[in-house]
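*Asks:* Provided herewith: run-v4.cif, mmCIF, C-alpha atoms, pLDDT in the B column; chains and numbers go by the auth columns.
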```
data_coords
loop_
_atom_site.group_PDB
_atom_site.id
_atom_site.type_symbol
_atom_site.label_atom_id
_atom_site.label_comp_id
_atom_site.label_asym_id
_atom_site.label_seq_id
_atom_site.Cartn_x
_atom_site.Cartn_y
_atom_site.Cartn_z
_atom_site.B_iso_or_equiv
_atom_site.auth_seq_id
_atom_site.auth_asym_id
ATOM 1 C CA MET A 1 22.880 33.474 -12.320 48.00 15 A
ATOM 2 C CA SER A 2 24.092 30.294 -10.655 52.00 16 A
ATOM 3 C CA ALA A 3 25.619 27.489 -12.645 56.00 17 A
ATOM 4 C CA GLN A 4 23.983 24.132 -12.297 55.00 18 A
ATOM 5 C CA SER A 5 26.159 21.088 -11.743 50.00 19 A
ATOM 6 C CA PRO A 6 26.206 18.706 -14.717 54.00 20 A
ATOM 7 C CA PHE A 7 25.772 15.867 -12.194 57.00 21 A
ATOM 8 C CA VAL A 8 22.408 17.069 -10.915 52.00 22 A
ATOM 9 C CA VAL A 9 19.431 15.714 -12.774 47.00 23 A
ATOM 10 C CA THR A 10 16.306 17.818 -12.584 54.00 24 A
ATOM 11 C CA TYR A 11 12.889 16.640 -13.647 61.00 25 A
ATOM 12 C CA PRO A 12 9.884 18.674 -14.667 81.00 26 A
ATOM 13 C CA ALA A 13 7.072 18.589 -12.122 82.00 27 A
ATOM 14 C CA ALA A 14 5.029 16.120 -14.197 80.00 28 A
ATOM 15 C CA GLU A 15 7.954 13.680 -14.347 84.00 29 A
ATOM 16 C CA ARG A 16 8.466 13.996 -10.587 86.00 30 A
ATOM 17 C CA ALA A 17 4.781 13.221 -10.118 86.00 31 A
ATOM 18 C CA ILE A 18 5.122 10.057 -12.208 90.00 32 A
ATOM 19 C CA LEU A 19 8.230 8.982 -10.285 91.00 33 A
ATOM 20 C CA GLY A 20 6.575 9.694 -6.939 92.00 34 A
ATOM 21 C CA THR A 21 3.382 7.906 -7.917 93.00 35 A
ATOM 22 C CA SER A 22 5.448 4.926 -9.060 95.00 36 A
ATOM 23 C CA GLY A 23 7.112 4.903 -5.651 95.00 37 A
ATOM 24 C CA ILE A 24 3.770 4.901 -3.845 95.00 38 A
ATOM 25 C CA PHE A 25 2.588 2.022 -6.042 97.00 39 A
ATOM 26 C CA PHE A 26 5.777 0.163 -5.073 97.00 40 A
ATOM 27 C CA VAL A 27 5.092 0.784 -1.368 96.00 41 A
ATOM 28 C CA ASN A 28 1.518 -0.475 -1.691 96.00 42 A
ATOM 29 C CA GLY A 29 2.623 -3.565 -3.590 97.00 43 A
ATOM 30 C CA ALA A 30 5.278 -4.311 -0.967 96.00 44 A
ATOM 31 C CA MET A 31 2.664 -4.099 1.768 96.00 45 A
ATOM 32 C CA ILE A 32 0.217 -6.415 -0.006 96.00 46 A
ATOM 33 C CA GLY A 33 2.984 -8.862 -0.957 96.00 47 A
ATOM 34 C CA SER A 34 4.140 -8.905 2.627 95.00 48 A
ATOM 35 C CA LEU A 35 0.619 -9.395 3.940 94.00 49 A
ATOM 36 C CA SER A 36 0.251 -12.559 1.875 93.00 50 A
ATOM 37 C CA THR A 37 3.127 -14.159 3.786 93.00 51 A
ATOM 38 C CA HIS A 38 1.279 -13.507 7.043 94.00 52 A
ATOM 39 C CA PHE A 39 -1.822 -15.468 6.013 94.00 53 A
ATOM 40 C CA ALA A 40 -0.381 -18.868 6.942 90.00 54 A
ATOM 41 C CA VAL A 41 0.706 -17.513 10.335 90.00 55 A
ATOM 42 C CA MET A 42 -2.727 -15.934 10.853 94.00 56 A
ATOM 43 C CA LYS A 43 -4.586 -19.127 9.970 95.00 57 A
ATOM 44 C CA ALA A 44 -2.433 -21.180 12.347 94.00 58 A
ATOM 45 C CA ARG A 45 -2.847 -18.621 15.142 93.00 59 A
ATOM 46 C CA LEU A 46 -6.617 -18.551 14.712 96.00 60 A
ATOM 47 C CA GLY A 47 -6.890 -22.342 14.507 96.00 61 A
ATOM 48 C CA VAL A 48 -9.825 -22.218 12.091 97.00 62 A
ATOM 49 C CA ASP A 49 -10.773 -24.415 9.148 96.00 63 A
ATOM 50 C CA PRO A 50 -10.149 -23.212 5.554 96.00 64 A
ATOM 51 C CA ALA A 51 -13.781 -22.164 5.009 97.00 65 A
ATOM 52 C CA THR A 52 -13.802 -19.976 8.124 97.00 66 A
ATOM 53 C CA PHE A 53 -10.438 -18.477 7.250 97.00 67 A
ATOM 54 C CA SER A 54 -11.720 -17.674 3.750 97.00 68 A
ATOM 55 C CA MET A 55 -14.605 -15.751 5.308 97.00 69 A
ATOM 56 C CA VAL A 56 -12.169 -13.885 7.569 97.00 70 A
ATOM 57 C CA LEU A 57 -10.031 -12.960 4.528 97.00 71 A
ATOM 58 C CA MET A 58 -13.103 -11.909 2.546 98.00 72 A
ATOM 59 C CA SER A 59 -13.650 -9.069 4.997 98.00 73 A
ATOM 60 C CA MET A 60 -10.600 -7.295 3.554 98.00 74 A
ATOM 61 C CA ALA A 61 -12.215 -7.253 0.114 98.00 75 A
ATOM 62 C CA VAL A 62 -15.499 -6.042 1.599 98.00 76 A
ATOM 63 C CA GLY A 63 -13.666 -3.161 3.307 98.00 77 A
ATOM 64 C CA ALA A 64 -11.993 -2.260 0.020 98.00 78 A
ATOM 65 C CA ILE A 65 -15.289 -2.308 -1.885 98.00 79 A
ATOM 66 C CA VAL A 66 -16.989 -0.083 0.699 98.00 80 A
ATOM 67 C CA MET A 67 -14.211 2.505 0.728 97.00 81 A
ATOM 68 C CA MET A 68 -13.635 2.452 -3.033 97.00 82 A
ATOM 69 C CA SER A 69 -17.345 3.200 -3.438 96.00 83 A
ATOM 70 C CA LEU A 70 -16.971 6.243 -1.178 96.00 84 A
ATOM 71 C CA SER A 71 -13.547 7.355 -2.412 97.00 85 A
ATOM 72 C CA SER A 72 -14.852 9.804 -5.003 95.00 86 A
ATOM 73 C CA LEU A 73 -16.335 11.937 -2.207 96.00 87 A
ATOM 74 C CA LEU A 74 -12.947 12.324 -0.520 96.00 88 A
ATOM 75 C CA LEU A 75 -11.055 12.705 -3.783 96.00 89 A
ATOM 76 C CA ARG A 76 -13.380 15.475 -4.996 95.00 90 A
ATOM 77 C CA ARG A 77 -13.120 17.308 -1.686 96.00 91 A
ATOM 78 C CA PHE A 78 -9.363 17.007 -1.028 96.00 92 A
ATOM 79 C CA GLY A 79 -7.760 16.015 -4.335 95.00 93 A
ATOM 80 C CA SER A 80 -5.700 12.923 -5.032 94.00 94 A
ATOM 81 C CA ALA A 81 -2.299 14.014 -3.687 92.00 95 A
ATOM 82 C CA PRO A 82 -3.400 14.638 -0.059 95.00 96 A
ATOM 83 C CA VAL A 83 -5.491 11.449 -0.029 96.00 97 A
ATOM 84 C CA VAL A 84 -2.568 9.424 -1.417 95.00 98 A
ATOM 85 C CA LEU A 85 -0.272 10.822 1.277 94.00 99 A
ATOM 86 C CA ALA A 86 -2.754 10.264 4.108 96.00 100 A
ATOM 87 C CA THR A 87 -3.492 6.694 3.057 96.00 101 A
ATOM 88 C CA ALA A 88 0.173 5.922 2.376 95.00 102 A
ATOM 89 C CA LEU A 89 0.837 6.775 6.023 95.00 103 A
ATOM 90 C CA MET A 90 -2.329 5.198 7.438 95.00 104 A
ATOM 91 C CA THR A 91 -2.447 1.894 5.541 95.00 105 A
ATOM 92 C CA PRO A 92 0.911 0.501 6.761 94.00 106 A
ATOM 93 C CA MET A 93 -0.234 1.169 10.347 94.00 107 A
ATOM 94 C CA MET A 94 -3.431 -0.766 9.614 95.00 108 A
ATOM 95 C CA PHE A 95 -1.249 -3.708 8.540 92.00 109 A
ATOM 96 C CA ILE A 96 -0.412 -4.325 12.207 95.00 110 A
ATOM 97 C CA LEU A 97 -4.057 -4.821 13.242 96.00 111 A
ATOM 98 C CA PRO A 98 -4.728 -8.262 11.732 96.00 112 A
ATOM 99 C CA VAL A 99 -1.352 -9.484 12.967 94.00 113 A
ATOM 100 C CA VAL A 100 -2.285 -8.750 16.599 93.00 114 A
ATOM 101 C CA ALA A 101 -6.038 -9.379 16.419 95.00 115 A
ATOM 102 C CA ASP A 102 -7.293 -12.176 18.665 92.00 116 A
ATOM 103 C CA GLY A 103 -9.922 -14.518 17.266 96.00 117 A
ATOM 104 C CA PRO A 104 -11.630 -14.720 13.880 97.00 118 A
ATOM 105 C CA ILE A 105 -14.111 -11.885 14.464 97.00 119 A
ATOM 106 C CA LEU A 106 -11.494 -9.327 15.534 98.00 120 A
ATOM 107 C CA THR A 107 -9.180 -10.477 12.742 98.00 121 A
ATOM 108 C CA ALA A 108 -12.026 -10.046 10.233 98.00 122 A
ATOM 109 C CA LEU A 109 -12.689 -6.547 11.606 98.00 123 A
ATOM 110 C CA ALA A 110 -8.974 -5.708 11.410 98.00 124 A
ATOM 111 C CA LEU A 111 -8.823 -6.966 7.815 98.00 125 A
ATOM 112 C CA PHE A 112 -11.965 -4.969 6.976 98.00 126 A
ATOM 113 C CA LEU A 113 -10.246 -1.787 8.249 98.00 127 A
ATOM 114 C CA LEU A 114 -7.039 -2.637 6.384 98.00 128 A
ATOM 115 C CA GLY A 115 -9.066 -3.326 3.236 98.00 129 A
ATOM 116 C CA ALA A 116 -10.919 -0.019 3.591 98.00 130 A
ATOM 117 C CA SER A 117 -7.696 1.922 4.034 97.00 131 A
ATOM 118 C CA ASN A 118 -6.013 0.086 1.187 97.00 132 A
ATOM 119 C CA GLY A 119 -9.103 0.521 -1.020 98.00 133 A
ATOM 120 C CA LEU A 120 -8.949 4.279 -0.555 98.00 134 A
ATOM 121 C CA MET A 121 -5.204 4.206 -1.162 97.00 135 A
ATOM 122 C CA ASP A 122 -5.733 2.187 -4.334 97.00 136 A
ATOM 123 C CA ALA A 123 -8.406 4.508 -5.703 97.00 137 A
ATOM 124 C CA SER A 124 -6.430 7.666 -4.881 96.00 138 A
ATOM 125 C CA MET A 125 -3.178 6.241 -6.312 96.00 139 A
ATOM 126 C CA ASN A 126 -4.891 5.463 -9.597 96.00 140 A
ATOM 127 C CA VAL A 127 -6.556 8.886 -9.834 96.00 141 A
ATOM 128 C CA HIS A 128 -3.198 10.505 -9.069 94.00 142 A
ATOM 129 C CA ALA A 129 -1.421 8.285 -11.615 95.00 143 A
ATOM 130 C CA SER A 130 -3.941 9.289 -14.276 94.00 144 A
ATOM 131 C CA ALA A 131 -3.513 12.994 -13.470 91.00 145 A
ATOM 132 C CA SER A 132 0.292 12.625 -13.506 90.00 146 A
ATOM 133 C CA GLU A 133 0.143 10.870 -16.848 89.00 147 A
ATOM 134 C CA ARG A 134 -2.044 13.631 -18.323 89.00 148 A
ATOM 135 C CA ALA A 135 0.253 16.335 -16.959 87.00 149 A
ATOM 136 C CA ALA A 136 3.317 14.647 -18.463 86.00 150 A
ATOM 137 C CA GLY A 137 1.563 14.280 -21.803 86.00 151 A
ATOM 138 C CA ARG A 138 2.644 10.681 -22.202 87.00 152 A
ATOM 139 C CA LEU A 139 1.573 7.190 -21.258 92.00 153 A
ATOM 140 C CA ALA A 140 3.060 5.950 -17.992 93.00 154 A
ATOM 141 C CA MET A 141 0.322 3.827 -16.400 94.00 155 A
ATOM 142 C CA ALA A 142 1.909 0.489 -17.340 95.00 156 A
ATOM 143 C CA ARG A 143 5.243 1.505 -15.801 94.00 157 A
ATOM 144 C CA ILE A 144 3.532 2.819 -12.685 96.00 158 A
ATOM 145 C CA HIS A 145 1.566 -0.410 -12.224 97.00 159 A
ATOM 146 C CA ALA A 146 4.688 -2.493 -12.884 97.00 160 A
ATOM 147 C CA MET A 147 6.163 -0.879 -9.777 97.00 161 A
ATOM 148 C CA TRP A 148 3.235 -2.292 -7.766 97.00 162 A
ATOM 149 C CA SER A 149 4.091 -5.790 -8.996 98.00 163 A
ATOM 150 C CA PHE A 150 7.775 -5.270 -8.291 97.00 164 A
ATOM 151 C CA GLY A 151 6.910 -4.084 -4.780 97.00 165 A
ATOM 152 C CA GLY A 152 4.702 -7.143 -4.300 97.00 166 A
ATOM 153 C CA ILE A 153 7.509 -9.504 -5.255 97.00 167 A
ATOM 154 C CA LEU A 154 10.052 -7.745 -3.067 97.00 168 A
ATOM 155 C CA GLY A 155 7.600 -7.426 -0.169 96.00 169 A
ATOM 156 C CA SER A 156 6.711 -11.109 -0.154 96.00 170 A
ATOM 157 C CA VAL A 157 10.331 -12.259 -0.417 97.00 171 A
ATOM 158 C CA ALA A 158 11.494 -9.874 2.306 96.00 172 A
ATOM 159 C CA ALA A 159 8.601 -10.804 4.590 96.00 173 A
ATOM 160 C CA GLY A 160 9.181 -14.520 4.092 95.00 174 A
ATOM 161 C CA TYR A 161 12.811 -14.057 5.053 96.00 175 A
ATOM 162 C CA ALA A 162 11.947 -11.846 8.033 96.00 176 A
ATOM 163 C CA LEU A 163 9.225 -14.167 9.334 95.00 177 A
ATOM 164 C CA SER A 164 11.740 -17.005 9.454 95.00 178 A
ATOM 165 C CA ARG A 165 13.812 -14.912 11.864 96.00 179 A
ATOM 166 C CA ILE A 166 11.529 -12.615 13.863 96.00 180 A
ATOM 167 C CA SER A 167 7.982 -12.673 15.171 95.00 181 A
ATOM 168 C CA ALA A 168 5.022 -11.658 13.027 94.00 182 A
ATOM 169 C CA LEU A 169 4.388 -8.666 15.291 94.00 183 A
ATOM 170 C CA SER A 170 8.016 -7.511 15.082 96.00 184 A
ATOM 171 C CA HIS A 171 7.895 -7.816 11.322 95.00 185 A
ATOM 172 C CA ALA A 172 4.581 -5.948 11.058 95.00 186 A
ATOM 173 C CA GLY A 173 5.888 -3.089 13.202 95.00 187 A
ATOM 174 C CA LEU A 174 9.174 -2.805 11.334 95.00 188 A
ATOM 175 C CA GLN A 175 7.419 -3.000 7.995 93.00 189 A
ATOM 176 C CA ALA A 176 4.886 -0.337 8.946 94.00 190 A
ATOM 177 C CA ALA A 177 7.685 2.025 9.997 95.00 191 A
ATOM 178 C CA PHE A 178 9.699 1.300 6.848 93.00 192 A
ATOM 179 C CA LEU A 179 6.772 1.723 4.456 93.00 193 A
ATOM 180 C CA MET A 180 5.592 4.917 6.140 93.00 194 A
ATOM 181 C CA GLY A 181 9.110 6.319 5.872 92.00 195 A
ATOM 182 C CA ALA A 182 9.396 5.219 2.244 92.00 196 A
ATOM 183 C CA SER A 183 6.032 6.884 1.502 91.00 197 A
ATOM 184 C CA LEU A 184 7.382 10.195 2.753 89.00 198 A
ATOM 185 C CA LEU A 185 10.236 9.967 0.227 86.00 199 A
ATOM 186 C CA PHE A 186 7.776 9.936 -2.650 80.00 200 A
#
```
So, in terms of structure tokens, how does the structure I just supplied come out?

*Replies:*
Amino acid sequence: MSAQSPFVVTYPAAERAILGTSGIFFVNGAMIGSLSTHFAVMKARLGVDPATFSMVLMSMAVGAIVMMSLSSLLLRRFGSAPVVLATALMTPMMFILPVVADGPILTALALFLLGASNGLMDASMNVHASASERAAGRLAMARIHAMWSFGGILGSVAAGYALSRISALSHAGLQAAFLMGASLLF
């Protein structure tokens, strides 16, 4: 029998699931918080009036609604953990699309795809959080969702700082790589 170090903390599987799910919520919040700092740059690049830009932005919500409506099919077939992982890797890559899209129509399409990916990520994260909470036998949803808000704050502050120093494309690429790497930790 091997002795365990008193400095190593081990968590039951259900607790690890809650911690990991909290981390994924943080990653998603950081991405959305960061995206909000890109809107002013996007609007200026597109050179459109506020009403047109609102329609372009609305496409992200439409993409989310479409994919959230279909998410139960994927979640039933594959389970929440694989869908969370796939979308946690895919969604940060989708973040780059609206940053490089040229013109309002392509930007709207890029935001639709980002919204669809994020909508599936959102649905799968919440299903996984609920399953993790049930497995742990305690309430954790508020703490898990607080990590999304914390990620949003940190993402927007970090993006604002970065965008004052590097290009939007450089920031989007670095952020995608960072968030994909962070997702693999959880």

*Asks:* In the coordinates of the file, take the point (8.8, -8.4, -8.1) and a cut-off of 12 Å; then, counting only C-alpha atoms, name each qualifying protein, DNA or RNA residue as a VMD selection string.

*Replies:* chain A and resid 40 to 41 43 to 44 46 to 48 159 to 172

*Asks:* Expand the PyMOL selection byres ((chain A and resi 197) around 9) into the individual residues it matches in the shown file, reporting them as an NGL selection string.

*Replies:* :A and (34 or 37-38 or 41 or 99 or 102-103 or 192-196 or 198-200)

*Asks:* Write out as an NGL selection string each polymer residue whose atoms come within 10 Å of Ile110 of chain A, counting all atoms listed in the file; drop sequence neighbours fewer than 5 positions from it.

*Replies:* :A and (49 or 105 or 115 or 124-125 or 128 or 182-190)

*Asks:* So, with only C-alpha atoms as the atoms that count, which of A:Met82, A:Val113, A:Leu123, A:Ala145 lies closest to Phe53 of chain A?

*Replies:*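 Using only C-alpha atoms, Phe53 of chain A sits closest to A:Val113.
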
*Asks:* Near segment 58-61 of chain A, counting all atoms listed in the file, which residues have an atom at most 12 Å away, once you skip same-chain residues fewer than 6 positions from it, shown as a ChimeraX atom specification?

*Replies:* /A:52,67,70,112-122,182

*Asks:* May I have the residues within 12 Å of Leu87 of chain A as a list in words, using only C-alpha atoms and disregarding those fewer than 5 positions away in the same chain?

*Replies:*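 Listing them by chain and then by number gives Met81, Met82, Phe92, Gly93, Ser94, Val97, Leu134, Ala137 and Ser138 of chain A.
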
*Asks:* Mind giving me the straight-line distance from atom CA of Gly129 of chain A to atom CA of Ala191 of chain A in Å, one decimal?

*Replies:* 18.8 Å

*Asks:* Ranking A:Met74, A:Ala173, A:Ala31, A:Val141 by minimum distance to Arg90 of chain A and counting only C-alpha atoms, which one comes first?

*Replies:*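 Residue with the minimum atom-to-atom distance to Arg90 of chain A: A:Val141.
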
*Asks:* What is the distance, in Å and to one decimal place, between atom CA of Arg157 of chain A and atom CA of Thr101 of chain A?

*Replies:*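 If I compute the distance from atom CA of Arg157 of chain A to atom CA of Thr101 of chain A, I get 21.4 Å.
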
*Asks:* Between atom CA of Ala75 of chain A and atom CA of Ser144 of chain A, what is the distance in Å, rounded to a tenth?

*Replies:*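 So the two atoms, atom CA of Ala75 of chain A and atom CA of Ser144 of chain A, lie 23.4 Å apart.
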
*Asks:* Please evaluate the PyMOL selection byres ((chain A and resi 26-30) around 10) against the displayed coordinates and give the resulting residues as a PyMOL selection string.

*Replies:* chain A and resi 24-25+31-36+145-152+154+200

*Asks:* I'd like the neighbourhood of Val80 of chain A as a PDB file with C-alpha atoms, in the coordinates of the input, where a residue qualifies if any of its atoms comes within 9 Å (using all atoms listed in the file), though same-chain residues fewer than 3 positions away should be ignored.

*Replies:*
```pdb
ATOM      1  CA  ALA A  75     -12.215  -7.253   0.114  1.00 98.00           C
ATOM      2  CA  VAL A  76     -15.499  -6.042   1.599  1.00 98.00           C
ATOM      3  CA  GLY A  77     -13.666  -3.161   3.307  1.00 98.00           C
ATOM      4  CA  SER A  83     -17.345   3.200  -3.438  1.00 96.00           C
ATOM      5  CA  LEU A  84     -16.971   6.243  -1.178  1.00 96.00           C
ATOM      6  CA  SER A  85     -13.547   7.355  -2.412  1.00 97.00           C
ATOM      7  CA  GLY A 129      -9.066  -3.326   3.236  1.00 98.00           C
ATOM      8  CA  ALA A 130     -10.919  -0.019   3.591  1.00 98.00           C
ATOM      9  CA  GLY A 133      -9.103   0.521  -1.020  1.00 98.00           C
TER      10      GLY A 133
END
```

*Asks:* A:Leu111, A:Ala100, A:Leu153, A:Met139: which is nearest Asn42 of chain A, counting all atoms listed in the file?

*Replies:*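 Looking only at the distances to Asn42 of chain A, the closest residue turns out to be A:Met139.
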
*Asks:* Please enclose the listed atoms of segment 116-130 of chain A in an axis-aligned box, pad each side by 6 Å, and write out the centre and the three edge lengths in Å, rounded to one decimal, as JSON.

*Replies:*
```
{"center_x": -10.6, "center_y": -7.4, "center_z": 11.0, "size_x": 19.1, "size_y": 26.7, "size_z": 27.4}
```

*Asks:* Of the candidates A:Ala54, A:Val98, A:Leu89, A:Met45, which one gets nearest to Asp136 of chain A if we count all atoms listed in the file?

*Replies:*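 The shortest atom-to-atom distance to Asp136 of chain A comes from A:Val98.
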